[in-house]
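Here is the structure we will look at.
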Amino acid sequence: MPVKTRRATDEENPGYATMKTAASSVEAPPRRRPEAVIAVAQLLGTSLWFSANGAGPDLAAAWDVSASHIGWLTGAVQAGFIAGTLLLAVFGLADRYPASRVFALSTVLGAVFNGFFALAAHGLGEAMAYRFLVGLSLAGIYPLGMKLIVSWEPGRTGMALAQLVAMLTLGTALPHLLRELGTGLPWQSVVLASSVLALAGGLLILKLGDGPYLPARRSADARKQQAPPARPNVMSAFKVRKFRAAAWGYFGHMWELYAFWTVVPVLAARTDLASFFPFVGIPGISFAIIAVGALGCILGGSLTRRYGSAPVALGALFMSGLAGGMFALFWHDLPPVAIAVLLLVWGASVVADSPQFSALSARACPPEIVGSALAIQNSIGFAITVVSIALTTSVLERIGLDATWILVPGPVIGLLGYVLTARSIRD
């Protein structure tokens, strides 16, 4: 009896056969490692996301605001992203137009709005408006990057999306590194550097184009001659229990992830890590804690070849919840080295589950709405982050690092939601 490989298991999803058939008539493109191109472009494009956080201390001093107010800038980006992904999902824009063009246009818009934030914002109100528009633009970068991965690598989405989210993680950490390397530079220079990187990412995707493994878009003449086929409503994806189980895990993970990333500089500053590692400043420490998540993603993606996406996602979610709980319990008493190790473990595991939950969702939903389904999942997930970021930064300002307890319920709810929903599938 032939041995069934993991690759074959990855391809077992409702739409894979359709995608493969649709692509069979397309001439195979030259091997350009498209997943690597998409991952690098994602790294460059998503550097816009936290470009303000790398300049957080300078902004707080210039505008005479607190650390919690800087958290509002992140919340503004999340709100813009939510609005953008809702537009993509409700109007089907993520599936109606070529993903590569939407991605490239979004990087241009994001770079421009980020530039306005750096050069034209003179207070928190204006800054939040520009950061909202940056978030609106990012809605065309992150979920469309995932759709591009599915269009090029439908049979290995776990590993390919792990590379993509690893680049998202590095893009998130990049402003902190830019700040560490350019300590003497004005904060505006650090923010503008993110705009330049985003434009480069859009150019890479524009040159790559869309992959062949999605249902082909009909020509304009065909659309005039034929009635449009019935198109599933995007919310119908939630009727699929496997999609719903993955969404539960994803939503729990999102409660923790972006709030953790937002407060990492505060955690580093208030645990005396900078005094213990005097050769690295707070931005450098923050970069290391966030960027190690890229290694977590790659390790998790490698493990999917043997164990599959679900065990890896659940294992990472459990590890991040455990690390968060241990930090909240013991940060007062642990020596700096132990705190550094704990934060690195937390940083590695907190994002490693993200690509695997997205891979599970992409495999479960109909291929003709994969872009919209991922967009609506992102939209709900990022709406959760707005609440968790606001709550965490506000409480942290009042009671200090004990506020990290707020992050722990996310992994718990995500694990319970996934397990209970998956059990109902078996029953």
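Following the order of the structure tokens, first chain is A, next is B, and so on, with residues numbered from 1 inside each chain and ligands from 1 in the order they appear.
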Leaving out stretch 344-353 of chain A and any residue of its chain fewer than 4 positions from it, which residues lie within 6 Å of it when counting only C-alpha atoms, given as a short mmCIF file (atom, residue, chain, number, x, y, z; two decimals) with C-alpha atoms, in the first residue's frame?
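Result saved to selection15.cif:
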```cif
data_model
loop_
_atom_site.label_atom_id
_atom_site.label_comp_id
_atom_site.auth_asym_id
_atom_site.auth_seq_id
_atom_site.Cartn_x
_atom_site.Cartn_y
_atom_site.Cartn_z
CA LEU A 257 -0.67 39.21 19.42
CA ILE A 289 11.62 40.13 21.05
CA ILE A 290 9.33 40.79 18.08
CA VAL A 292 12.21 36.17 16.99
CA GLY A 293 8.59 35.48 16.01
CA GLY A 296 8.88 30.74 15.38
CA CYS A 297 6.87 30.95 12.15
CA ALA A 313 -1.15 26.06 15.61
CA ALA A 316 2.06 27.53 19.57
CA SER A 320 2.25 31.73 24.08
CA ALA A 323 4.61 32.26 28.54
#
```
Within 12 Å of A:Phe277, counting only C-alpha atoms, which residues qualify if same-chain residues fewer than 5 places away don't, as number ranges by chain? A: 268-269, 271-272, 282, 284-285, 336-337, 340
Closest of A:Leu93, A:Val264, A:Leu391, A:Leu44 to A:Trp405 - atom-to-atom distances counting only C-alpha atoms: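 Result for the nearest residue to A:Trp405: A:Leu391.
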